[in-house]
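Quick look at run-v9.pdb (PDB, C-alpha atoms and all ligand atoms):
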```pdb
ATOM      1  CA  MET A   1     256.627 131.000 156.223  1.00  0.00           C
ATOM      2  CA  LYS A   2     253.888 132.316 153.928  1.00  0.00           C
ATOM      3  CA  GLU A   3     250.991 134.093 155.682  1.00  0.00           C
ATOM      4  CA  HIS A   4     247.511 133.201 154.404  1.00  0.00           C
ATOM      5  CA  SER A   5     244.364 135.242 154.845  1.00  0.00           C
ATOM      6  CA  LEU A   6     241.772 133.486 157.003  1.00  0.00           C
ATOM      7  CA  GLU A   7     238.899 135.610 155.731  1.00  0.00           C
ATOM      8  CA  TYR A   8     235.855 133.598 154.773  1.00  0.00           C
ATOM      9  CA  THR A   9     232.181 133.717 153.982  1.00  0.00           C
ATOM     10  CA  SER A  10     229.707 131.571 155.879  1.00  0.00           C
ATOM     11  CA  ARG A  11     226.183 130.335 155.379  1.00  0.00           C
ATOM     12  CA  ASP A  12     223.992 128.579 157.919  1.00  0.00           C
ATOM     13  CA  PHE A  13     221.740 125.614 157.142  1.00  0.00           C
ATOM     14  CA  THR A  14     219.184 123.836 159.299  1.00  0.00           C
ATOM     15  CA  ALA A  15     216.991 120.755 159.062  1.00  0.00           C
ATOM     16  CA  SER A  16     214.489 119.364 161.527  1.00  0.00           C
ATOM     17  CA  LEU A  17     213.158 115.801 161.655  1.00  0.00           C
ATOM     18  CA  PRO A  18     211.827 113.307 164.194  1.00  0.00           C
ATOM     19  CA  THR A  19     214.697 111.934 166.273  1.00  0.00           C
ATOM     20  CA  ALA A  20     213.444 108.379 165.704  1.00  0.00           C
ATOM     21  CA  GLU A  21     213.806 108.888 161.944  1.00  0.00           C
ATOM     22  CA  TYR A  22     217.232 110.488 162.316  1.00  0.00           C
ATOM     23  CA  ILE A  23     218.398 107.505 164.375  1.00  0.00           C
ATOM     24  CA  ALA A  24     216.870 104.931 162.018  1.00  0.00           C
ATOM     25  CA  VAL A  25     218.237 106.418 158.798  1.00  0.00           C
ATOM     26  CA  TYR A  26     221.408 108.289 159.776  1.00  0.00           C
ATOM     27  CA  ARG A  27     222.895 106.417 162.743  1.00  0.00           C
ATOM     28  CA  ASP A  28     225.306 103.509 162.489  1.00  0.00           C
ATOM     29  CA  ALA A  29     226.801 103.228 165.968  1.00  0.00           C
ATOM     30  CA  LYS A  30     228.884 100.160 165.108  1.00  0.00           C
ATOM     31  CA  ARG A  31     230.556 101.698 162.064  1.00  0.00           C
ATOM     32  CA  PHE A  32     231.242 105.123 163.560  1.00  0.00           C
ATOM     33  CA  GLY A  33     232.178 103.630 166.934  1.00  0.00           C
ATOM     34  CA  ALA A  34     234.981 101.764 165.125  1.00  0.00           C
ATOM     35  CA  CYS A  35     236.115 105.052 163.497  1.00  0.00           C
ATOM     36  CA  CYS A  36     236.256 106.709 166.928  1.00  0.00           C
ATOM     37  CA  ARG A  37     238.251 103.828 168.417  1.00  0.00           C
ATOM     38  CA  ALA A  38     240.810 104.222 165.608  1.00  0.00           C
ATOM     39  CA  CYS A  39     241.203 107.963 166.315  1.00  0.00           C
ATOM     40  CA  PRO A  40     244.200 109.074 168.417  1.00  0.00           C
ATOM     41  CA  ASN A  41     241.844 111.265 170.483  1.00  0.00           C
ATOM     42  CA  TYR A  42     239.789 108.267 171.618  1.00  0.00           C
ATOM     43  CA  GLY A  43     239.544 108.332 175.410  1.00  0.00           C
ATOM     44  CA  GLN A  44     241.851 111.365 175.628  1.00  0.00           C
ATOM     45  CA  SER A  45     239.192 113.967 176.423  1.00  0.00           C
ATOM     46  CA  TRP A  46     235.792 114.007 178.124  1.00  0.00           C
ATOM     47  CA  ALA A  47     234.405 115.378 174.843  1.00  0.00           C
ATOM     48  CA  CYS A  48     235.275 112.092 173.080  1.00  0.00           C
ATOM     49  CA  PRO A  49     234.119 108.500 173.517  1.00  0.00           C
ATOM     50  CA  PRO A  50     233.978 106.228 175.362  1.00  0.00           C
ATOM     51  CA  PHE A  51     231.385 108.231 177.290  1.00  0.00           C
ATOM     52  CA  ASP A  52     230.366 107.728 180.890  1.00  0.00           C
ATOM     53  CA  PHE A  53     226.668 107.824 179.923  1.00  0.00           C
ATOM     54  CA  ASP A  54     224.354 105.538 177.976  1.00  0.00           C
ATOM     55  CA  VAL A  55     224.664 106.905 174.412  1.00  0.00           C
ATOM     56  CA  ASP A  56     221.577 105.073 173.081  1.00  0.00           C
ATOM     57  CA  LYS A  57     219.468 106.651 175.821  1.00  0.00           C
ATOM     58  CA  TYR A  58     221.207 109.989 175.409  1.00  0.00           C
ATOM     59  CA  VAL A  59     220.283 110.295 171.718  1.00  0.00           C
ATOM     60  CA  SER A  60     216.733 109.012 172.027  1.00  0.00           C
ATOM     61  CA  THR A  61     215.430 111.085 174.950  1.00  0.00           C
ATOM     62  CA  TYR A  62     214.028 113.929 172.844  1.00  0.00           C
ATOM     63  CA  ARG A  63     211.444 113.807 170.039  1.00  0.00           C
ATOM     64  CA  THR A  64     212.911 116.209 167.483  1.00  0.00           C
ATOM     65  CA  ALA A  65     216.400 116.494 166.029  1.00  0.00           C
ATOM     66  CA  LEU A  66     217.367 119.938 164.789  1.00  0.00           C
ATOM     67  CA  ILE A  67     220.540 119.850 162.691  1.00  0.00           C
ATOM     68  CA  ILE A  68     222.474 123.106 162.437  1.00  0.00           C
ATOM     69  CA  ALA A  69     225.376 123.435 160.020  1.00  0.00           C
ATOM     70  CA  THR A  70     227.576 126.235 158.773  1.00  0.00           C
ATOM     71  CA  LYS A  71     229.344 126.106 155.426  1.00  0.00           C
ATOM     72  CA  ILE A  72     232.585 128.068 155.648  1.00  0.00           C
ATOM     73  CA  THR A  73     234.235 129.129 152.397  1.00  0.00           C
ATOM     74  CA  PRO A  74     237.695 130.711 152.728  1.00  0.00           C
ATOM     75  CA  LEU A  75     238.433 133.578 150.362  1.00  0.00           C
ATOM     76  CA  CYS A  76     241.969 132.233 149.886  1.00  0.00           C
ATOM     77  CA  ARG A  77     241.794 129.073 147.762  1.00  0.00           C
ATOM     78  CA  THR A  78     245.250 127.778 148.711  1.00  0.00           C
ATOM     79  CA  LEU A  79     245.025 127.351 152.476  1.00  0.00           C
ATOM     80  CA  PRO A  80     247.053 124.482 153.954  1.00  0.00           C
ATOM     81  CA  LEU A  81     245.320 121.746 155.952  1.00  0.00           C
ATOM     82  CA  ASP A  82     246.709 123.004 159.248  1.00  0.00           C
ATOM     83  CA  ALA A  83     244.747 126.263 158.817  1.00  0.00           C
ATOM     84  CA  ALA A  84     241.474 124.373 159.350  1.00  0.00           C
ATOM     85  CA  GLU A  85     241.331 124.743 163.134  1.00  0.00           C
ATOM     86  CA  ARG A  86     241.963 128.513 163.023  1.00  0.00           C
ATOM     87  CA  LEU A  87     239.549 128.988 160.137  1.00  0.00           C
ATOM     88  CA  LEU A  88     236.795 127.124 161.950  1.00  0.00           C
ATOM     89  CA  LEU A  89     237.316 128.715 165.353  1.00  0.00           C
ATOM     90  CA  PRO A  90     235.082 131.844 165.119  1.00  0.00           C
ATOM     91  CA  GLU A  91     232.170 129.819 163.747  1.00  0.00           C
ATOM     92  CA  ARG A  92     232.801 127.034 166.214  1.00  0.00           C
ATOM     93  CA  ILE A  93     232.625 129.475 169.137  1.00  0.00           C
ATOM     94  CA  TRP A  94     229.399 130.841 167.697  1.00  0.00           C
ATOM     95  CA  HIS A  95     227.924 127.345 167.207  1.00  0.00           C
ATOM     96  CA  GLU A  96     228.748 126.220 170.731  1.00  0.00           C
ATOM     97  CA  ARG A  97     227.219 129.361 172.239  1.00  0.00           C
ATOM     98  CA  LEU A  98     224.123 128.963 170.082  1.00  0.00           C
ATOM     99  CA  LEU A  99     223.690 125.304 171.065  1.00  0.00           C
ATOM    100  CA  LEU A 100     224.086 126.031 174.779  1.00  0.00           C
ATOM    101  CA  SER A 101     221.603 128.915 174.491  1.00  0.00           C
ATOM    102  CA  LEU A 102     219.122 126.545 172.855  1.00  0.00           C
ATOM    103  CA  GLU A 103     219.593 124.092 175.724  1.00  0.00           C
ATOM    104  CA  ARG A 104     218.909 126.841 178.275  1.00  0.00           C
ATOM    105  CA  ARG A 105     215.830 128.100 176.474  1.00  0.00           C
ATOM    106  CA  TYR A 106     214.246 124.798 175.417  1.00  0.00           C
ATOM    107  CA  ASP A 107     215.682 122.271 177.865  1.00  0.00           C
ATOM    108  CA  GLY A 108     217.002 119.966 175.130  1.00  0.00           C
ATOM    109  CA  ARG A 109     220.347 118.347 174.410  1.00  0.00           C
ATOM    110  CA  ALA A 110     223.158 119.845 172.305  1.00  0.00           C
ATOM    111  CA  PHE A 111     225.682 118.038 170.096  1.00  0.00           C
ATOM    112  CA  ALA A 112     228.749 120.073 169.217  1.00  0.00           C
ATOM    113  CA  TYR A 113     231.559 119.984 166.674  1.00  0.00           C
ATOM    114  CA  ALA A 114     233.966 117.072 167.149  1.00  0.00           C
ATOM    115  CA  GLY A 115     237.330 118.825 167.063  1.00  0.00           C
ATOM    116  CA  ARG A 116     239.754 119.131 169.955  1.00  0.00           C
ATOM    117  CA  CYS A 117     238.016 120.410 173.097  1.00  0.00           C
ATOM    118  CA  ARG A 118     238.826 124.121 173.238  1.00  0.00           C
ATOM    119  CA  TYR A 119     238.070 124.816 176.890  1.00  0.00           C
ATOM    120  CA  CYS A 120     241.468 123.797 178.315  1.00  0.00           C
ATOM    121  CA  PRO A 121     244.987 124.169 176.898  1.00  0.00           C
ATOM    122  CA  PRO A 122     246.106 121.349 174.560  1.00  0.00           C
ATOM    123  CA  GLY A 123     247.248 118.228 176.391  1.00  0.00           C
ATOM    124  CA  SER A 124     245.750 119.236 179.749  1.00  0.00           C
ATOM    125  CA  CYS A 125     242.391 117.454 179.709  1.00  0.00           C
ATOM    126  CA  THR A 126     241.682 116.019 183.156  1.00  0.00           C
ATOM    127  CA  ARG A 127     240.606 112.754 181.546  1.00  0.00           C
ATOM    128  CA  LEU A 128     244.299 111.960 181.166  1.00  0.00           C
ATOM    129  CA  THR A 129     244.616 111.901 184.965  1.00  0.00           C
ATOM    130  CA  GLY A 130     241.220 110.372 185.663  1.00  0.00           C
ATOM    131  CA  GLU A 131     239.741 113.542 187.169  1.00  0.00           C
ATOM    132  CA  ALA A 132     236.361 115.075 186.363  1.00  0.00           C
ATOM    133  CA  CYS A 133     235.940 117.503 183.458  1.00  0.00           C
ATOM    134  CA  ARG A 134     236.672 121.126 184.422  1.00  0.00           C
ATOM    135  CA  HIS A 135     233.777 122.495 182.334  1.00  0.00           C
ATOM    136  CA  PRO A 136     230.941 119.984 182.092  1.00  0.00           C
ATOM    137  CA  GLU A 137     228.532 122.901 181.639  1.00  0.00           C
ATOM    138  CA  LEU A 138     230.242 123.703 178.309  1.00  0.00           C
ATOM    139  CA  VAL A 139     231.396 120.380 176.840  1.00  0.00           C
ATOM    140  CA  ARG A 140     228.980 118.428 174.624  1.00  0.00           C
ATOM    141  CA  PRO A 141     229.534 115.269 172.567  1.00  0.00           C
ATOM    142  CA  SER A 142     229.465 115.437 168.787  1.00  0.00           C
ATOM    143  CA  LEU A 143     226.855 113.777 166.585  1.00  0.00           C
ATOM    144  CA  GLU A 144     229.502 111.539 164.980  1.00  0.00           C
ATOM    145  CA  ALA A 145     230.812 110.442 168.389  1.00  0.00           C
ATOM    146  CA  CYS A 146     227.237 109.297 169.092  1.00  0.00           C
ATOM    147  CA  GLY A 147     227.201 107.233 165.889  1.00  0.00           C
ATOM    148  CA  PHE A 148     225.572 109.591 163.367  1.00  0.00           C
ATOM    149  CA  ASP A 149     226.735 109.710 159.757  1.00  0.00           C
ATOM    150  CA  LEU A 150     227.626 113.359 159.149  1.00  0.00           C
ATOM    151  CA  GLY A 151     228.390 112.924 155.445  1.00  0.00           C
ATOM    152  CA  ARG A 152     224.939 111.557 154.858  1.00  0.00           C
ATOM    153  CA  THR A 153     223.403 114.117 157.205  1.00  0.00           C
ATOM    154  CA  THR A 154     224.836 117.134 155.409  1.00  0.00           C
ATOM    155  CA  GLU A 155     224.338 115.781 151.894  1.00  0.00           C
ATOM    156  CA  SER A 156     220.811 114.397 152.239  1.00  0.00           C
ATOM    157  CA  LEU A 157     219.293 116.794 154.772  1.00  0.00           C
ATOM    158  CA  LEU A 158     221.105 120.025 153.944  1.00  0.00           C
ATOM    159  CA  GLY A 159     222.320 119.623 150.365  1.00  0.00           C
ATOM    160  CA  ILE A 160     225.998 120.079 151.326  1.00  0.00           C
ATOM    161  CA  PRO A 161     228.350 117.274 150.215  1.00  0.00           C
ATOM    162  CA  LEU A 162     231.218 117.088 152.725  1.00  0.00           C
ATOM    163  CA  GLN A 163     234.558 117.928 151.126  1.00  0.00           C
ATOM    164  CA  TRP A 164     238.017 116.699 152.075  1.00  0.00           C
ATOM    165  CA  GLY A 165     241.415 118.274 151.505  1.00  0.00           C
ATOM    166  CA  GLU A 166     243.730 117.148 148.728  1.00  0.00           C
ATOM    167  CA  GLY A 167     247.398 116.754 149.555  1.00  0.00           C
ATOM    168  CA  ASN A 168     248.150 119.583 151.977  1.00  0.00           C
ATOM    169  CA  GLN A 169     245.373 121.831 150.705  1.00  0.00           C
ATOM    170  CA  LEU A 170     242.030 122.588 152.315  1.00  0.00           C
ATOM    171  CA  PRO A 171     238.943 121.895 150.225  1.00  0.00           C
ATOM    172  CA  GLU A 172     236.835 124.670 148.719  1.00  0.00           C
ATOM    173  CA  TYR A 173     234.759 124.810 151.919  1.00  0.00           C
ATOM    174  CA  LEU A 174     234.500 123.290 155.391  1.00  0.00           C
ATOM    175  CA  THR A 175     231.258 122.319 157.092  1.00  0.00           C
ATOM    176  CA  LEU A 176     230.635 122.641 160.811  1.00  0.00           C
ATOM    177  CA  VAL A 177     227.779 120.449 162.018  1.00  0.00           C
ATOM    178  CA  GLY A 178     225.975 120.430 165.353  1.00  0.00           C
ATOM    179  CA  GLY A 179     222.619 119.285 166.620  1.00  0.00           C
ATOM    180  CA  PHE A 180     219.960 120.153 169.145  1.00  0.00           C
ATOM    181  CA  PHE A 181     217.505 117.444 170.195  1.00  0.00           C
ATOM    182  CA  HIS A 182     214.404 118.718 171.965  1.00  0.00           C
ATOM    183  CA  ASN A 183     210.710 118.318 172.807  1.00  0.00           C
ATOM    184  CA  ALA A 184     209.644 121.894 172.089  1.00  0.00           C
ATOM    185  CA  PRO A 185     206.698 122.367 169.695  1.00  0.00           C
ATOM    186  CA  GLU A 186     208.805 124.940 167.861  1.00  0.00           C
ATOM    187  CA  VAL A 187     212.338 126.348 168.111  1.00  0.00           C
ATOM    188  CA  ASP A 188     212.666 130.035 167.327  1.00  0.00           C
ATOM    189  CA  LEU A 189     216.245 130.030 166.025  1.00  0.00           C
ATOM    190  CA  PRO A 190     216.218 133.619 164.674  1.00  0.00           C
ATOM    191  CA  SER A 191     215.335 134.983 168.102  1.00  0.00           C
ATOM    192  CA  VAL A 192     218.119 132.966 169.797  1.00  0.00           C
ATOM    193  CA  TRP A 193     220.526 134.183 167.114  1.00  0.00           C
ATOM    194  CA  GLN A 194     219.417 137.770 167.735  1.00  0.00           C
ATOM    195  CA  GLU A 195     219.777 137.400 171.483  1.00  0.00           C
ATOM    196  CA  LEU A 196     223.347 136.157 171.022  1.00  0.00           C
ATOM    197  CA  ARG A 197     224.177 138.961 168.625  1.00  0.00           C
ATOM    198  CA  ARG A 198     222.849 141.513 171.107  1.00  0.00           C
ATOM    199  CA  SER A 199     224.836 140.038 174.002  1.00  0.00           C
ATOM    200  CA  ASP A 200     228.046 139.467 172.099  1.00  0.00           C
ATOM    201  CA  GLY A 201     228.296 141.660 169.030  1.00  0.00           C
ATOM    202  CA  VAL A 202     227.858 140.423 165.501  1.00  0.00           C
ATOM    203  CA  LYS A 203     228.971 137.120 164.080  1.00  0.00           C
ATOM    204  CA  SER A 204     232.254 137.069 162.156  1.00  0.00           C
ATOM    205  CA  VAL A 205     231.913 136.890 158.393  1.00  0.00           C
TER     206      VAL A 205
HETATM  207  S1  LIG A 301     236.843 121.170 179.331  1.00  0.00           S
HETATM  208 FE1  LIG A 301     238.956 120.562 179.771  1.00  0.00          FE
HETATM  209  S2  LIG A 301     238.691 118.816 181.140  1.00  0.00           S
HETATM  210 FE2  LIG A 301     236.729 119.070 180.085  1.00  0.00          FE
HETATM  211  S3  LIG A 301     236.816 117.783 178.247  1.00  0.00           S
HETATM  212 FE3  LIG A 301     237.525 119.827 177.667  1.00  0.00          FE
HETATM  213  S4  LIG A 301     239.780 119.713 177.842  1.00  0.00           S
HETATM  214 FE4  LIG A 301     238.905 118.004 179.042  1.00  0.00          FE
END
```
Turn this file's structure into structure tokens for me.
Ligand code: SF4
Amino acid sequence: MKEHSLEYTSRDFTASLPTAEYIAVYRDAKRFGACCRACPNYGQSWACPPFDFDVDKYVSTYRTALIIATKITPLCRTLPLDAAERLLLPERIWHERLLLSLERRYDGRAFAYAGRCRYCPPGSCTRLTGEACRHPELVRPSLEACGFDLGRTTESLLGIPLQWGEGNQLPEYLTLVGGFFHNAPEVDLPSVWQELRRSDGVKSV
């Protein structure tokens, strides 16, 4: 099997807008709810819908929606589709830690990347046996699982058109999108980033 380099460059993007506007313009719960129901992961993990909380209330509790995205461009232009999870992982870990740090500092609500929950081994989510999540302090729903249109979000708010693979090949770049909804007058992202870098070394590039 051919080994591919998973080196990449990354660039972070953010946008902030009133949550009411984000819901009115970028949320279509009916359409994206149907997409989730058609996904094989539906109901297979506590990170995926259907959720045991009121999603409408969940998304509308806080005044401001901060969207945080990372554009990840692999140096190798011929990566196969199944390299996506490994390519995304370092940035995904970083994103999830950043979002949870924001929650701790500003008492808001984080929305994480929608991929397979990474906190338990594959196929061992307790949802399959009807038991409670092992790590509720770490698991957060994604924006798309709560009905938000990520393609529109990244293109209109951040200037990044989402790209899809062709055949078995990854696109030129992947985009990781998360959110932090809050009531703080201001969110000092650089200082949270710095705090994380100090506690955990530098971000992978
Ligand atoms: S942390 Fe484990 S139990 Fe909780 S949603 Fe993720 S896989 Fe399931």
For the contact check between chain A and ligand LIG 301 (chain A), emit one row per residue of chain A within 9 Å, containing the shortest atom pair and the distance in Å rounded to one decimal, counting all atoms listed in the file, chain then rising number order, as a Markdown table.
```
| residue | atom | partner | partner_atom | distance |
| --- | --- | --- | --- | --- |
| A:Gln44 | CA | A:LIG301 | FE4 | 8.0 |
| A:Ser45 | CA | A:LIG301 | FE4 | 4.8 |
| A:Trp46 | CA | A:LIG301 | S3 | 3.9 |
| A:Ala47 | CA | A:LIG301 | S3 | 4.8 |
| A:Cys48 | CA | A:LIG301 | S3 | 7.8 |
| A:Arg116 | CA | A:LIG301 | S4 | 7.9 |
| A:Cys117 | CA | A:LIG301 | FE3 | 4.6 |
| A:Arg118 | CA | A:LIG301 | FE3 | 6.3 |
| A:Tyr119 | CA | A:LIG301 | S1 | 4.6 |
| A:Cys120 | CA | A:LIG301 | FE1 | 4.3 |
| A:Pro121 | CA | A:LIG301 | S4 | 6.9 |
| A:Pro122 | CA | A:LIG301 | S4 | 7.3 |
| A:Gly123 | CA | A:LIG301 | S4 | 7.8 |
| A:Ser124 | CA | A:LIG301 | S4 | 6.3 |
| A:Cys125 | CA | A:LIG301 | FE4 | 3.6 |
| A:Thr126 | CA | A:LIG301 | S2 | 4.6 |
| A:Arg127 | CA | A:LIG301 | FE4 | 6.1 |
| A:Leu128 | CA | A:LIG301 | FE4 | 8.4 |
| A:Glu131 | CA | A:LIG301 | S2 | 8.1 |
| A:Ala132 | CA | A:LIG301 | S2 | 6.8 |
| A:Cys133 | CA | A:LIG301 | FE2 | 3.8 |
| A:Arg134 | CA | A:LIG301 | S2 | 4.5 |
| A:His135 | CA | A:LIG301 | S1 | 4.5 |
| A:Pro136 | CA | A:LIG301 | FE2 | 6.2 |
| A:Glu137 | CA | A:LIG301 | S1 | 8.8 |
| A:Leu138 | CA | A:LIG301 | S1 | 7.1 |
| A:Val139 | CA | A:LIG301 | S1 | 6.0 |
| A:Arg140 | CA | A:LIG301 | S3 | 8.7 |
```
Given all atoms listed in the file as the counted atoms, nearest of A:Trp193, A:Tyr58, A:Thr64, A:Val187 to Glu21 of chain A: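 Result for the nearest residue to Glu21 of chain A: A:Thr64.
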Just the residues within 8 Å of Ser60 of chain A, please, counting all atoms listed in the file, with nothing from its chain fewer than 2 positions along; format it as a ChimeraX atom specification. /A:19-20,23,56-58,62-63
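The residues returned by the PyMOL selection byres (((chain A and resi 165) around 10) and not hetatm) for this structure are Leu79, Pro80, Leu81, Ala84, Gln163, Trp164, Glu166, Gly167, Asn168, Gln169, Leu170, Pro171, Glu172, Tyr173 and Leu174 of chain A.
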If we count all atoms listed in the file, what is near Ala34 of chain A at a cut-off of 10 Å, once residues fewer than 5 positions away on the same chain are taken out, given as a ChimeraX atom specification? /A:29,39,147
Could you state the separation of atom CA of Phe32 of chain A and atom CA of Ala184 of chain A in Å, given to one decimal place? 28.6 Å
Take every atom of segment 78-88 of chain A listed in the file, pad by 3 Å on each side, and give me the axis-aligned box centre and edge lengths in Å, one decimal, as JSON.
```
{"center_x": 241.9, "center_y": 125.4, "center_z": 155.9, "size_x": 16.3, "size_y": 13.2, "size_z": 20.4}
```
For a test of reading the model, state the distance in Å between atom CA of Arg92 of chain A and atom CA of Ser199 of chain A, rounded to one decimal.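 Straight-line distance from atom CA of Arg92 of chain A to atom CA of Ser199 of chain A works out to 17.1 Å.
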Between atom CA of Arg97 of chain A and atom CA of Arg197 of chain A - distance in Å to one decimal: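 Computing it gives 10.7 Å between the two atoms.
Evaluating the PyMOL selection byres (((chain A and resi 73) around 12) and not hetatm) against the shown model yields A:Leu6, A:Glu7, A:Tyr8, A:Thr9, A:Ser10, A:Arg11, A:Asp12, A:Thr70, A:Lys71, A:Ile72, A:Pro74, A:Leu75, A:Cys76, A:Arg77, A:Thr78, A:Leu79, A:Ala84, A:Leu87, A:Leu88, A:Glu91, A:Gln163, A:Leu170, A:Pro171, A:Glu172, A:Tyr173, A:Leu174, A:Thr175, A:Leu176, A:Val205.
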Output check: residues returned by the PyMOL selection byres (((chain A and resi 99) around 12) and not hetatm), as a PyMOL selection string: chain A and resi 66-69+92-98+100-113+137-142+177-182+187+189+192-193+196
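Each of A:Cys36, A:Leu162, A:Val59, A:Ala65 was compared to Glu186 of chain A using all atoms listed in the file, and A:Ala65 turns out to be the nearest.
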Nearest to Thr154 of chain A: which of A:Gly130, A:Ser5, A:Tyr26, A:Leu89 is it, counting all atoms listed in the file?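 Smallest separation from Thr154 of chain A among the options: A:Tyr26.
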